[in-house]
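Below is final_32.txt, which holds compact mmCIF, C-alpha atoms and all ligand atoms.
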# COMPACT_ATOMS: atom_id res chain seq x y z
CA MET A 1438 0.29 -13.25 -8.74
CA LYS A 1439 0.24 -17.06 -8.60
CA LEU A 1440 -1.99 -18.88 -11.06
CA GLU A 1441 -2.67 -22.64 -11.10
CA ILE A 1442 -4.92 -24.56 -13.47
CA LEU A 1443 -6.68 -27.86 -12.83
CA VAL A 1444 -8.92 -29.49 -15.44
CA HIS A 1445 -11.39 -32.26 -14.60
CA ALA A 1446 -13.64 -33.35 -17.50
CA GLN A 1447 -15.41 -30.15 -18.58
CA ARG A 1448 -14.56 -28.23 -15.44
CA MET A 1449 -11.52 -25.95 -15.17
CA THR A 1450 -10.48 -24.56 -11.81
CA ILE A 1451 -8.10 -21.59 -11.85
CA THR A 1452 -6.61 -20.84 -8.46
CA LEU A 1453 -5.42 -17.27 -8.03
CA ALA A 1454 -3.25 -15.89 -5.23
CA GLY A 1455 -1.68 -12.48 -4.59
CA GLN A 1456 -2.69 -9.40 -6.57
CA LEU A 1457 -4.83 -9.47 -9.70
CA ASP A 1458 -3.76 -6.07 -11.06
CA VAL A 1459 -2.59 -4.53 -14.31
CA ASN A 1460 0.65 -6.55 -14.21
CA ALA A 1461 -1.01 -9.90 -13.50
CA ALA A 1462 -4.20 -9.63 -15.56
CA PRO A 1463 -2.62 -10.57 -18.96
CA ALA A 1464 -1.61 -14.02 -17.63
CA LEU A 1465 -5.23 -14.77 -16.72
CA GLU A 1466 -6.51 -13.28 -19.95
CA ALA A 1467 -4.14 -15.57 -21.92
CA VAL A 1468 -5.54 -18.67 -20.21
CA LEU A 1469 -9.10 -17.56 -20.97
CA ASP A 1470 -8.25 -16.91 -24.61
CA GLN A 1471 -6.34 -20.10 -25.23
CA GLN A 1472 -7.54 -22.88 -22.98
CA LEU A 1473 -11.31 -22.75 -22.60
CA GLN A 1474 -12.26 -25.14 -25.44
CA ASN A 1475 -14.76 -27.77 -24.17
CA ILE A 1476 -14.94 -26.16 -20.72
CA THR A 1477 -18.51 -25.61 -19.51
CA GLU A 1478 -17.78 -24.99 -15.84
CA LEU A 1479 -15.13 -22.44 -14.99
CA VAL A 1480 -14.24 -21.97 -11.33
CA LEU A 1481 -12.04 -19.10 -10.15
CA ASP A 1482 -10.79 -20.03 -6.72
CA VAL A 1483 -9.73 -16.71 -5.18
CA ASP A 1484 -8.91 -18.03 -1.71
CA GLY A 1485 -5.41 -16.56 -1.78
CA LEU A 1486 -6.29 -13.37 -3.61
CA GLU A 1487 -5.46 -10.21 -1.65
CA TYR A 1488 -6.39 -7.50 -4.11
CA VAL A 1489 -8.12 -7.08 -7.46
CA SER A 1490 -8.01 -3.87 -9.51
CA SER A 1491 -10.44 -2.66 -12.19
CA VAL A 1492 -8.32 -4.33 -14.88
CA GLY A 1493 -8.54 -7.63 -13.00
CA LEU A 1494 -12.31 -7.22 -12.62
CA ARG A 1495 -12.67 -6.65 -16.35
CA VAL A 1496 -10.86 -9.94 -17.04
CA ILE A 1497 -13.24 -11.74 -14.67
CA LEU A 1498 -16.21 -10.14 -16.41
CA HIS A 1499 -14.76 -11.22 -19.73
CA ALA A 1500 -14.47 -14.78 -18.41
CA GLN A 1501 -18.13 -14.70 -17.53
CA GLN A 1502 -19.12 -13.46 -20.97
CA LYS A 1503 -17.10 -16.25 -22.58
CA MET A 1504 -18.74 -18.91 -20.42
CA LYS A 1505 -22.19 -17.52 -21.11
CA ALA A 1506 -21.54 -17.62 -24.86
CA ALA A 1507 -20.50 -21.28 -24.47
CA HIS A 1508 -23.68 -22.05 -22.42
CA GLY A 1509 -21.47 -22.69 -19.42
CA ASN A 1510 -21.08 -21.20 -15.96
CA LEU A 1511 -18.53 -19.19 -14.08
CA LEU A 1512 -18.26 -19.51 -10.32
CA VAL A 1513 -15.95 -17.29 -8.27
CA LYS A 1514 -15.38 -19.14 -5.02
CA ASN A 1515 -13.70 -18.59 -1.67
CA VAL A 1516 -14.33 -14.85 -1.76
CA SER A 1517 -12.88 -13.18 1.36
CA GLN A 1518 -14.50 -10.11 2.93
CA PRO A 1519 -12.06 -7.56 1.34
CA ILE A 1520 -12.60 -9.10 -2.14
CA ALA A 1521 -16.39 -9.20 -1.56
CA ASP A 1522 -16.21 -5.47 -0.70
CA ILE A 1523 -14.48 -4.75 -4.01
CA LEU A 1524 -17.08 -6.82 -5.92
CA GLU A 1525 -19.88 -4.91 -4.20
CA MET A 1526 -18.31 -1.49 -4.79
CA SER A 1527 -17.83 -2.23 -8.47
CA GLY A 1528 -21.38 -3.57 -8.88
CA LEU A 1529 -20.09 -6.94 -10.11
CA ASP A 1530 -21.72 -8.70 -7.15
CA ARG A 1531 -24.99 -8.23 -9.07
CA VAL A 1532 -23.82 -10.11 -12.15
CA LEU A 1533 -21.27 -12.65 -10.89
CA HIS A 1534 -22.10 -15.95 -9.28
CA PHE A 1535 -19.79 -15.95 -6.27
CA GLN A 1536 -19.45 -17.84 -3.03
CA ARG A 1537 -17.93 -16.49 0.13
CA LYS A 1538 -15.10 -18.23 1.88
CA HIS A 1539 -16.47 -20.79 4.29
CA ARG A 1540 -15.37 -21.75 7.75
CA GLN A 1541 -12.75 -24.50 7.71
CA LEU A 1542 -13.68 -27.66 9.53
CA SER A 1543 -11.53 -30.70 10.17
CA VAL A 1544 -13.18 -34.11 10.44
CA ALA A 1545 -10.03 -35.72 11.88
CA GLY A 1546 -11.11 -37.81 14.86
CA LEU A 1547 -14.83 -37.40 14.13
CA GLN A 1548 -16.97 -40.51 13.85
CA MET A 1549 -18.34 -41.22 10.38
CA ILE A 1550 -21.96 -42.22 10.89
CA ALA A 1551 -23.08 -42.96 7.34
CA LYS A 1552 -22.06 -42.82 3.72
CA GLY A 1553 -24.28 -41.95 0.74
CA ALA A 1554 -23.71 -41.73 -3.01
CA ASN A 1555 -22.48 -38.13 -2.91
CA GLY A 1556 -20.94 -37.76 0.49
CA GLU A 1557 -20.24 -38.94 4.02
CA CYS A 1558 -21.88 -37.86 7.23
CA TYR A 1559 -19.76 -37.21 10.37
CA LYS A 1560 -20.94 -36.60 13.91
CA VAL A 1561 -19.64 -33.18 15.04
CA ASN A 1562 -21.30 -33.23 18.48
CA GLU A 1563 -24.48 -34.62 20.08
CA ASP A 1564 -26.70 -32.23 18.06
CA THR A 1565 -24.82 -31.66 14.84
CA VAL A 1566 -23.57 -33.61 11.84
CA VAL A 1567 -21.65 -32.50 8.79
CA LYS A 1568 -22.36 -33.95 5.37
CA LEU A 1569 -19.14 -33.72 3.37
CA TYR A 1570 -19.42 -34.07 -0.40
CA PHE A 1571 -16.99 -36.17 -2.36
CA ASP A 1572 -14.57 -34.26 -4.58
CA PHE A 1573 -16.32 -35.35 -7.81
CA VAL A 1574 -19.50 -33.48 -6.84
CA ASP A 1575 -19.75 -30.03 -8.43
CA ASP A 1576 -18.63 -27.00 -6.45
CA GLY A 1577 -22.01 -25.34 -5.98
CA CYS A 1578 -23.60 -28.47 -4.51
CA ALA A 1579 -23.27 -27.64 -0.80
CA GLU A 1580 -24.60 -24.10 -1.26
CA ARG A 1581 -27.49 -25.43 -3.33
CA GLU A 1582 -28.41 -28.14 -0.84
CA LYS A 1583 -28.23 -25.73 2.09
CA GLU A 1584 -30.42 -23.19 0.30
CA LEU A 1585 -33.01 -25.74 -0.82
CA ALA A 1586 -33.10 -27.40 2.62
CA THR A 1587 -33.81 -24.01 4.23
CA LYS A 1588 -36.51 -23.12 1.71
CA ALA A 1589 -38.11 -26.54 2.03
CA PHE A 1590 -38.16 -26.22 5.83
CA VAL A 1591 -39.89 -22.84 5.53
CA ALA A 1592 -42.39 -24.30 3.02
CA GLY A 1593 -43.38 -26.85 5.67
CA VAL A 1594 -41.35 -29.90 4.64
CA PRO A 1595 -40.28 -31.97 7.66
CA THR A 1596 -36.50 -31.87 7.31
CA ALA A 1597 -33.39 -31.34 9.44
CA LEU A 1598 -32.28 -27.76 10.15
CA SER A 1599 -29.33 -26.80 8.00
CA PHE A 1600 -26.86 -24.48 9.70
CA GLU A 1601 -24.00 -23.48 7.41
CA VAL A 1602 -21.78 -24.45 4.52
CA VAL A 1603 -18.26 -25.40 5.60
CA GLN A 1604 -15.06 -26.38 3.89
CA CYS A 1605 -12.86 -29.34 4.75
CA GLY A 1606 -9.67 -29.28 2.72
CA THR A 1607 -10.82 -29.35 -0.90
CA ARG A 1608 -14.28 -30.63 0.02
CA ASN A 1609 -17.48 -28.73 0.77
CA GLY A 1610 -20.02 -29.70 3.37
CA VAL A 1611 -23.23 -28.69 5.09
CA MET A 1612 -23.74 -28.71 8.86
CA TYR A 1613 -27.09 -30.20 9.84
CA GLU A 1614 -29.09 -30.81 12.95
CA MET A 1615 -28.42 -34.44 13.87
CA LEU A 1616 -31.49 -36.64 13.53
CA LYS A 1617 -31.35 -39.39 16.11
CA ALA A 1618 -33.05 -41.87 13.87
CA ASP A 1619 -32.75 -44.79 11.47
CA THR A 1620 -33.37 -44.34 7.78
CA LEU A 1621 -36.78 -45.61 6.66
CA ALA A 1622 -34.91 -48.25 4.62
CA LEU A 1623 -33.31 -49.69 7.77
CA TYR A 1624 -36.54 -49.35 9.69
CA MET A 1625 -38.29 -51.39 6.99
CA GLU A 1626 -35.61 -54.09 7.23
CA LYS A 1627 -35.98 -54.26 11.00
CA ASN A 1628 -39.79 -54.27 10.91
CA ILE A 1629 -40.38 -56.52 7.95
CA GLU A 1630 -43.36 -58.22 9.61
CA ARG A 1631 -45.13 -54.83 9.67
CA LEU A 1632 -44.23 -53.92 6.10
CA ASP A 1633 -47.86 -53.20 5.05
CA GLU A 1634 -48.21 -50.59 7.76
CA VAL A 1635 -44.77 -49.05 7.17
CA VAL A 1636 -45.29 -48.76 3.40
CA ALA A 1637 -48.71 -47.16 4.00
CA MET A 1638 -46.91 -44.59 6.13
CA TYR A 1639 -44.32 -44.04 3.37
CA VAL A 1640 -47.14 -43.46 0.85
CA ARG A 1641 -48.86 -40.95 3.15
CA PHE A 1642 -45.58 -39.11 3.68
CA CYS A 1643 -44.87 -38.83 -0.07
CA LYS A 1644 -48.40 -37.55 -0.67
CA GLN A 1645 -47.95 -35.03 2.13
CA ILE A 1646 -44.81 -33.64 0.43
CA HIS A 1647 -46.52 -33.72 -2.98
CA ALA A 1648 -49.34 -31.55 -1.64
CA ILE A 1649 -47.02 -28.70 -0.52
CA ALA A 1650 -47.15 -25.70 -2.85
CA GLY A 1651 -43.78 -24.52 -4.13
CA ASP A 1652 -43.18 -21.51 -6.30
CA THR A 1653 -40.59 -21.42 -9.03
CA SER A 1654 -38.99 -18.24 -7.71
CA SER A 1655 -37.80 -20.31 -4.72
CA PHE A 1656 -37.40 -23.78 -6.24
CA PRO A 1657 -36.27 -24.80 -9.71
CA ASP A 1658 -38.91 -25.98 -12.13
CA ALA A 1659 -38.35 -29.69 -12.82
CA VAL A 1660 -39.55 -29.54 -16.45
CA THR A 1661 -37.14 -26.68 -17.23
CA LEU A 1662 -34.26 -28.54 -15.58
CA ALA A 1663 -35.17 -31.75 -17.39
CA CYS A 1664 -35.27 -30.01 -20.81
CA GLY A 1665 -31.78 -28.67 -20.03
CA TYR A 1666 -30.52 -32.21 -19.25
CA VAL A 1667 -31.97 -33.52 -22.52
CA ASP A 1668 -30.25 -30.68 -24.42
CA ALA A 1669 -26.91 -31.38 -22.74
CA CYS A 1670 -26.98 -35.15 -23.28
CA GLU A 1671 -24.61 -35.84 -26.16
CA PHE A 1672 -25.87 -39.28 -27.18
CA PHE A 1673 -29.35 -38.09 -28.24
CA ASN A 1674 -29.86 -36.94 -31.80
CA ASP A 1675 -32.14 -34.01 -32.70
CA GLY A 1676 -35.19 -36.23 -33.22
CA GLN A 1677 -34.75 -37.95 -29.86
CA ARG A 1678 -34.25 -34.63 -28.12
CA ALA A 1679 -37.36 -33.18 -29.70
CA PHE A 1680 -39.38 -36.26 -28.74
CA MET A 1681 -38.32 -36.08 -25.08
CA LYS A 1682 -38.86 -32.35 -24.79
CA GLU A 1683 -42.27 -32.51 -26.41
CA ARG A 1684 -43.26 -35.19 -23.89
CA LEU A 1685 -41.82 -33.12 -21.04
CA MET A 1686 -43.74 -30.04 -22.12
CA ARG A 1687 -46.97 -32.04 -21.86
CA THR A 1688 -46.25 -32.68 -18.17
CA GLU A 1689 -48.96 -31.47 -15.84
CA ARG A 1690 -47.72 -28.33 -14.03
CA CYS A 1691 -49.11 -28.90 -10.56
CA GLY A 1692 -47.07 -26.28 -8.69
CA THR A 1693 -46.19 -28.61 -5.84
CA LEU A 1694 -42.89 -29.83 -4.44
CA ILE A 1695 -40.88 -32.89 -5.32
CA HIS A 1696 -37.74 -34.17 -3.62
CA TRP A 1697 -36.53 -36.09 -6.69
CA ASP A 1698 -34.67 -38.72 -4.72
CA MET A 1699 -37.29 -39.82 -2.22
CA HIS A 1700 -36.23 -43.44 -1.72
CA PRO A 1701 -36.39 -44.85 1.82
CA GLY A 1702 -32.66 -44.18 2.33
CA ASN A 1703 -33.34 -40.43 2.20
CA ILE A 1704 -36.12 -40.49 4.78
CA MET A 1705 -35.44 -40.77 8.50
CA MET A 1706 -37.81 -42.39 10.97
CA GLN A 1707 -37.88 -40.06 13.98
CA GLY A 1708 -40.04 -41.54 16.70
CA ASP A 1709 -43.35 -42.08 14.91
CA SER A 1710 -42.86 -39.57 12.16
CA LEU A 1711 -40.85 -39.26 8.98
CA CYS A 1712 -38.34 -36.59 8.04
CA LEU A 1713 -36.65 -35.94 4.67
CA ILE A 1714 -32.90 -35.49 4.17
CA ASP A 1715 -30.61 -35.06 1.14
CA MET A 1716 -32.42 -31.98 -0.17
CA GLY A 1717 -30.18 -30.96 -3.10
CA ASP A 1718 -32.64 -31.96 -5.84
CA MET A 1719 -35.81 -30.33 -4.45
CA ALA A 1720 -37.91 -28.79 -7.21
CA VAL A 1721 -41.42 -27.95 -8.31
CA GLY A 1722 -43.05 -30.53 -10.53
CA THR A 1723 -45.35 -33.47 -10.98
CA PRO A 1724 -45.04 -36.31 -8.41
CA TYR A 1725 -44.19 -38.58 -11.36
CA PHE A 1726 -40.62 -37.24 -11.22
CA ASP A 1727 -40.39 -38.56 -7.65
CA LEU A 1728 -42.16 -41.82 -8.43
CA GLY A 1729 -39.72 -42.45 -11.28
CA GLN A 1730 -36.69 -42.19 -9.00
CA ILE A 1731 -38.36 -44.22 -6.22
CA LYS A 1732 -39.04 -47.00 -8.72
CA GLN A 1733 -35.48 -46.75 -10.03
CA VAL A 1734 -34.02 -47.43 -6.60
CA LEU A 1735 -36.54 -49.95 -5.28
CA HIS A 1736 -37.08 -51.87 -8.49
CA TYR A 1737 -34.16 -51.38 -10.88
CA TYR A 1738 -31.30 -51.20 -8.37
CA ALA A 1739 -32.87 -54.19 -6.60
CA SER A 1740 -32.98 -56.11 -9.89
CA LEU A 1741 -29.20 -55.52 -10.20
CA GLY A 1742 -28.70 -56.65 -6.59
CA LEU A 1743 -27.63 -53.12 -5.63
CA CYS A 1744 -30.45 -51.83 -3.45
CA HIS A 1745 -29.14 -53.53 -0.32
CA LYS A 1746 -25.67 -52.18 -0.94
CA PHE A 1747 -26.97 -48.71 -1.67
CA ILE A 1748 -29.59 -48.12 1.06
CA GLY A 1749 -29.47 -51.21 3.29
CA LEU A 1750 -32.88 -52.54 2.21
CA GLY A 1751 -32.72 -56.16 0.98
CA ASP A 1752 -33.26 -56.50 -2.77
CA ALA A 1753 -36.27 -58.84 -2.57
CA ASN A 1754 -37.86 -56.65 0.11
CA ALA A 1755 -37.26 -53.53 -1.98
CA MET A 1756 -39.14 -55.09 -4.92
CA ARG A 1757 -42.05 -55.86 -2.59
CA VAL A 1758 -41.98 -52.33 -1.20
CA TRP A 1759 -42.21 -50.88 -4.72
CA GLN A 1760 -45.25 -53.03 -5.63
CA MET A 1761 -47.03 -52.12 -2.40
CA PHE A 1762 -46.04 -48.47 -2.74
CA VAL A 1763 -47.33 -47.91 -6.26
CA VAL A 1764 -50.59 -49.73 -5.57
CA GLY A 1765 -51.04 -47.69 -2.37
CA TYR A 1766 -50.10 -44.36 -3.95
CA PHE A 1767 -52.73 -44.80 -6.69
CA ASP A 1768 -55.41 -46.31 -4.41
CA ASN A 1769 -55.51 -49.87 -5.77
CA PRO A 1770 -55.73 -49.29 -9.52
CA ASP A 1771 -56.96 -52.18 -11.71
CA PRO A 1772 -54.20 -54.02 -13.65
CA ASP A 1773 -54.68 -52.05 -16.90
CA ALA A 1774 -54.66 -48.71 -15.12
CA LEU A 1775 -51.54 -49.77 -13.18
CA LYS A 1776 -49.79 -50.67 -16.44
CA ALA A 1777 -50.51 -47.21 -17.86
CA ILE A 1778 -49.34 -45.54 -14.62
CA GLU A 1779 -46.07 -47.48 -14.64
CA ALA A 1780 -45.47 -46.59 -18.29
CA ASP A 1781 -45.77 -42.89 -17.36
CA ILE A 1782 -43.51 -43.39 -14.36
CA ASP A 1783 -40.91 -45.03 -16.62
CA PHE A 1784 -40.62 -41.93 -18.77
CA TYR A 1785 -39.72 -39.85 -15.72
CA ARG A 1786 -37.28 -42.56 -14.59
CA ALA A 1787 -35.53 -42.16 -17.92
CA ILE A 1788 -35.33 -38.39 -17.38
CA LYS A 1789 -33.67 -38.76 -13.97
CA ASN A 1790 -31.21 -41.15 -15.55
CA VAL A 1791 -30.26 -38.52 -18.13
CA TYR A 1792 -29.37 -36.25 -15.21
CA LEU A 1793 -27.44 -38.97 -13.38
CA TYR A 1794 -25.63 -39.87 -16.59
CA LEU A 1795 -24.58 -36.24 -17.03
CA CYS A 1796 -23.32 -35.75 -13.49
CA GLY A 1797 -21.37 -38.99 -13.77
CA SER A 1798 -22.67 -40.48 -10.57
CA GLY A 1799 -21.70 -44.14 -10.10
CA GLY A 1800 -18.64 -44.16 -12.38
CA GLU A 1801 -18.23 -45.37 -15.97
CA THR A 1802 -19.97 -48.77 -15.62
CA MET A 1803 -23.04 -47.16 -14.15
CA ARG A 1804 -23.02 -44.43 -16.81
CA ALA A 1805 -23.02 -47.05 -19.58
CA ARG A 1806 -25.88 -48.86 -17.86
CA ARG A 1807 -27.83 -45.64 -17.51
CA ARG A 1808 -27.44 -44.92 -21.20
CA ASP A 1809 -28.78 -48.38 -22.17
CA PHE A 1810 -31.47 -48.06 -19.60
CA ILE A 1811 -32.74 -44.75 -21.00
CA PHE A 1812 -33.29 -46.40 -24.40
CA GLN A 1813 -35.05 -49.37 -22.77
CA MET A 1814 -37.47 -47.03 -21.01
CA MET A 1815 -38.49 -45.24 -24.20
CA PRO A 1816 -40.95 -46.49 -26.86
CA LYS A 1817 -39.54 -49.03 -29.35
CA ASP A 1818 -39.17 -46.58 -32.26
CA PHE A 1819 -37.32 -44.00 -30.14
CA ALA A 1820 -33.92 -45.45 -31.09
CA GLU A 1821 -34.77 -45.02 -34.81
CA LEU A 1822 -35.64 -41.33 -34.55
CA LYS A 1823 -33.37 -39.07 -36.55
N1 LIG B 1901 -29.20 -34.74 9.61
C1 LIG B 1901 -28.79 -36.02 9.72
N2 LIG B 1901 -28.80 -36.66 10.89
C2 LIG B 1901 -28.39 -37.96 11.00
N3 LIG B 1901 -27.94 -38.68 9.96
C3 LIG B 1901 -27.90 -38.11 8.74
C4 LIG B 1901 -28.33 -36.74 8.56
N4 LIG B 1901 -28.16 -36.44 7.25
C5 LIG B 1901 -27.67 -37.54 6.66
N5 LIG B 1901 -27.52 -38.55 7.54
C6 LIG B 1901 -27.00 -39.90 7.25
O1 LIG B 1901 -26.04 -39.83 6.21
C7 LIG B 1901 -26.44 -40.60 5.08
C8 LIG B 1901 -26.02 -39.88 3.81
O2 LIG B 1901 -26.63 -38.62 3.75
P1 LIG B 1901 -27.33 -38.10 2.43
O3 LIG B 1901 -27.74 -36.69 2.67
O4 LIG B 1901 -28.41 -39.04 2.02
O5 LIG B 1901 -26.10 -38.15 1.40
P2 LIG B 1901 -25.99 -38.60 -0.14
O6 LIG B 1901 -26.30 -37.35 -0.94
O7 LIG B 1901 -24.59 -39.03 -0.29
O8 LIG B 1901 -27.00 -39.69 -0.39
C9 LIG B 1901 -27.95 -40.77 5.25
O9 LIG B 1901 -28.42 -41.95 4.66
C10 LIG B 1901 -28.13 -40.80 6.76
O10 LIG B 1901 -27.90 -42.11 7.26
MG MG B 1902 -28.95 -39.85 0.15
Turn the structure described in the file into structure tokens.
Ligand SMILES: Nc1ncnc2c1ncn2[C@@H]1O[C@H](COP(=O)(O)OP(=O)(O)O)[C@@H](O)[C@H]1O
Ligand SMILES: [Mg+2]
Amino acid sequence: MKLEILVHAQRMTITLAGQLDVNAAPALEAVLDQQLQNITELVLDVDGLEYVSSVGLRVILHAQQKMKAAHGNLLVKNVSQPIADILEMSGLDRVLHFQRKHRQLSVAGLQMIAKGANGECYKVNEDTVVKLYFDFVDDGCAEREKELATKAFVAGVPTALSFEVVQCGTRNGVMYEMLKADTLALYMEKNIERLDEVVAMYVRFCKQIHAIAGDTSSFPDAVTLACGYVDACEFFNDGQRAFMKERLMRTERCGTLIHWDMHPGNIMMQGDSLCLIDMGDMAVGTPYFDLGQIKQVLHYYASLGLCHKFIGLGDANAMRVWQMFVVGYFDNPDPDALKAIEADIDFYRAIKNVYLYLCGSGGETMRARRRDFIFQMMPKDFAELK
């Protein structure tokens, strides 16, 4: 058997090829015993694996128990049909998180039509695009986005059809129906003289999504996810963690959907109607989670001069859009009421930043900014909590 190890931050990928049998199992067992310190995400890439015996399966099960004890995850990926048959026969398919081998796709010669924070979008043919994730994005991301996009579509969310998860070299991707449309951000830029009308449409669209019921057996619960992010964030002390979780637990449980990244760069303007894309963070929760991230992009990124770079909407225009949006969403609140609303929104902005800090999006400079930003968003005495 061939065994290769790659470590990236807290993720270890072990690539196995050949036969994982009684002769080969001790080599894998030794790695699991000796090298898993600080690893929270263990990936077994079994692309080249031809056979696994009961001894090999027991080692994999052991790996899963170790990761569970360390509050981490094990993913077995690139499972071929013969290996999937063995997992099913043994019953391990019921306890292991595994992903089947995906169709290989090459993007050589394909036109790149857009680039986002997590991936690039290529035109495959007149009706289909592929969104390819960057290597730094975690391995389960494509599967998760595909699954959530399908569930959201079935729940009644206007979104592109998602066809299948594919693999391109070391990268994962999702094939989508191609939307022949501009993003709402670009549409706003091009129709700046009609901004009132376009923002009113944006508000109506967000409210439409926020009125769709979602159950937590299909979608993750945002409060539960958020409590997990707070627990995993190493720069909070116990007092700060308790404060944030107590506040999160007081969140109204409205049982409706959120997108959690619903800025105008993730909405497409198709003819006269709007359509959501980038569905990997869909969840059930209060609209305030969404409003927090919308404000983050339109207000905070714009204040850093980054909104234009990020979604193509000019920074000054983005600030205007945010003011019009929040006033429209809450039906013209008086100034005091608006202040209280924005204070609530800021708490949920901080929460999203904990998540973005943890997944490392934006590199080290952005991570440091996010950390400072989280403290700025919290009450003054938050930093002094012990
Ligand atoms: N189904 C689609 N049809 C046409 N263009 C798309 C589609 N999905 C994504 N895009 C384009 O690709 C860009 C990046 O996609 P997105 O899903 O937002 O990735 P990221 O997670 O990196 O933000 C979008 O802003 C949009 O311009
Ligand atoms: Mg996006």
Which residue gives the smallest distance to Arg1641 (chain A) among A:Gly1708, A:Pro1519, A:Gly1765, A:Pro1463, with all atoms listed in the file counted?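 Looking only at the distances to Arg1641 (chain A), the closest residue turns out to be A:Gly1765.
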Computed interatomic separation between CA of Arg1757 (chain A) and CA of Thr1723 (chain A) (Å):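 Interatomic distance, CA of Arg1757 (chain A) to CA of Thr1723 (chain A): 24.1 Å.
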Write out as CSV a residue-level contact list of chain A versus ligand MG 1902 (chain B) with cut-off 8 Å: for each qualifying residue the closest pair of atoms and the distance in Å to one decimal, counting all atoms listed in the file, rows sorted by chain and residue number upward.
residue,atom,partner,partner_atom,distance
A:Gly1553,CA,B:MG1902,MG,5.2
A:Ala1554,CA,B:MG1902,MG,6.4
A:Asn1555,CA,B:MG1902,MG,7.4
A:Asp1698,CA,B:MG1902,MG,7.6
A:Gly1702,CA,B:MG1902,MG,6.1
A:Asn1703,CA,B:MG1902,MG,4.9
A:Ile1714,CA,B:MG1902,MG,7.1
A:Asp1715,CA,B:MG1902,MG,5.2
Name all residues at most 8 Å from Tyr1785 (chain A) (count all atoms listed in the file; drop same-chain ones fewer than 2 positions away) and give them as JSON, numbers by chain. {"A": [1725, 1726, 1728, 1729, 1730, 1781, 1782, 1783, 1787, 1788, 1789]}
Is it possible to get the axis-aligned box enclosing ligand LIG 1901 (chain B) (all listed atoms, 8 Å extra per side) as lines of an AutoDock Vina configuration file, with centre and edge lengths in Å rounded to one decimal?
center_x = -26.9
center_y = -38.4
center_z = 5.0
size_x = 20.6
size_y = 23.4
size_z = 27.9
Collect all residues with atoms no farther than 9 Å from ligand LIG 1901 (chain B), counting only C-alpha atoms and all ligand atoms, and output them as a PyMOL selection string. chain A and resi 1549-1560+1564-1571+1596-1599+1612-1620+1698+1701-1705+1713-1717+1748
With C-alpha atoms kept, could you save the residues just selected as a CSV table (one decimal), in the frame of the given file?
chain,number,residue,atom,x,y,z
A,1549,MET,CA,-18.3,-41.2,10.4
A,1550,ILE,CA,-22.0,-42.2,10.9
A,1551,ALA,CA,-23.1,-43.0,7.3
A,1552,LYS,CA,-22.1,-42.8,3.7
A,1553,GLY,CA,-24.3,-42.0,0.7
A,1554,ALA,CA,-23.7,-41.7,-3.0
A,1555,ASN,CA,-22.5,-38.1,-2.9
A,1556,GLY,CA,-20.9,-37.8,0.5
A,1557,GLU,CA,-20.2,-38.9,4.0
A,1558,CYS,CA,-21.9,-37.9,7.2
A,1559,TYR,CA,-19.8,-37.2,10.4
A,1560,LYS,CA,-20.9,-36.6,13.9
A,1564,ASP,CA,-26.7,-32.2,18.1
A,1565,THR,CA,-24.8,-31.7,14.8
A,1566,VAL,CA,-23.6,-33.6,11.8
A,1567,VAL,CA,-21.6,-32.5,8.8
A,1568,LYS,CA,-22.4,-34.0,5.4
A,1569,LEU,CA,-19.1,-33.7,3.4
A,1570,TYR,CA,-19.4,-34.1,-0.4
A,1571,PHE,CA,-17.0,-36.2,-2.4
A,1596,THR,CA,-36.5,-31.9,7.3
A,1597,ALA,CA,-33.4,-31.3,9.4
A,1598,LEU,CA,-32.3,-27.8,10.2
A,1599,SER,CA,-29.3,-26.8,8.0
A,1612,MET,CA,-23.7,-28.7,8.9
A,1613,TYR,CA,-27.1,-30.2,9.8
A,1614,GLU,CA,-29.1,-30.8,13.0
A,1615,MET,CA,-28.4,-34.4,13.9
A,1616,LEU,CA,-31.5,-36.6,13.5
A,1617,LYS,CA,-31.4,-39.4,16.1
A,1618,ALA,CA,-33.0,-41.9,13.9
A,1619,ASP,CA,-32.8,-44.8,11.5
A,1620,THR,CA,-33.4,-44.3,7.8
A,1698,ASP,CA,-34.7,-38.7,-4.7
A,1701,PRO,CA,-36.4,-44.8,1.8
A,1702,GLY,CA,-32.7,-44.2,2.3
A,1703,ASN,CA,-33.3,-40.4,2.2
A,1704,ILE,CA,-36.1,-40.5,4.8
A,1705,MET,CA,-35.4,-40.8,8.5
A,1713,LEU,CA,-36.6,-35.9,4.7
A,1714,ILE,CA,-32.9,-35.5,4.2
A,1715,ASP,CA,-30.6,-35.1,1.1
A,1716,MET,CA,-32.4,-32.0,-0.2
A,1717,GLY,CA,-30.2,-31.0,-3.1
A,1748,ILE,CA,-29.6,-48.1,1.1
For Phe1784 (chain A), please output as a VMD selection string all residues within 7 Å (counting only C-alpha atoms; exclusion window: fewer than 4 positions along the same chain). chain A and resid 1780 1788 1814 to 1815
CA of Met1686 (chain A) to CA of Ala1805 (chain A), distance in Å rounded to a single decimal: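 Separating CA of Met1686 (chain A) from CA of Ala1805 (chain A) is a distance of 26.9 Å.
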I want to know what sits within 12 Å of Thr1661 (chain A), based on all atoms listed in the file, with residues of the same chain fewer than 6 positions away left out; could you give that as a list in words? Thr1653, Val1667, Asp1668, Lys1682, Leu1685, Met1686, Thr1688, Arg1690, Ala1720, Val1721, Gly1722 and Ile1788 of chain A
Region 1809-1812 of chain A surroundings by all atoms listed in the file, 12 Å radius, close-in-sequence under 2 positions cut, as JSON, numbers by chain: {"A": [1667, 1670, 1672, 1673, 1677, 1681, 1733, 1737, 1738, 1783, 1784, 1785, 1786, 1787, 1788, 1789, 1790, 1791, 1792, 1793, 1794, 1802, 1803, 1804, 1805, 1806, 1807, 1814, 1815, 1816, 1817, 1818, 1819, 1820, 1821, 1822]}
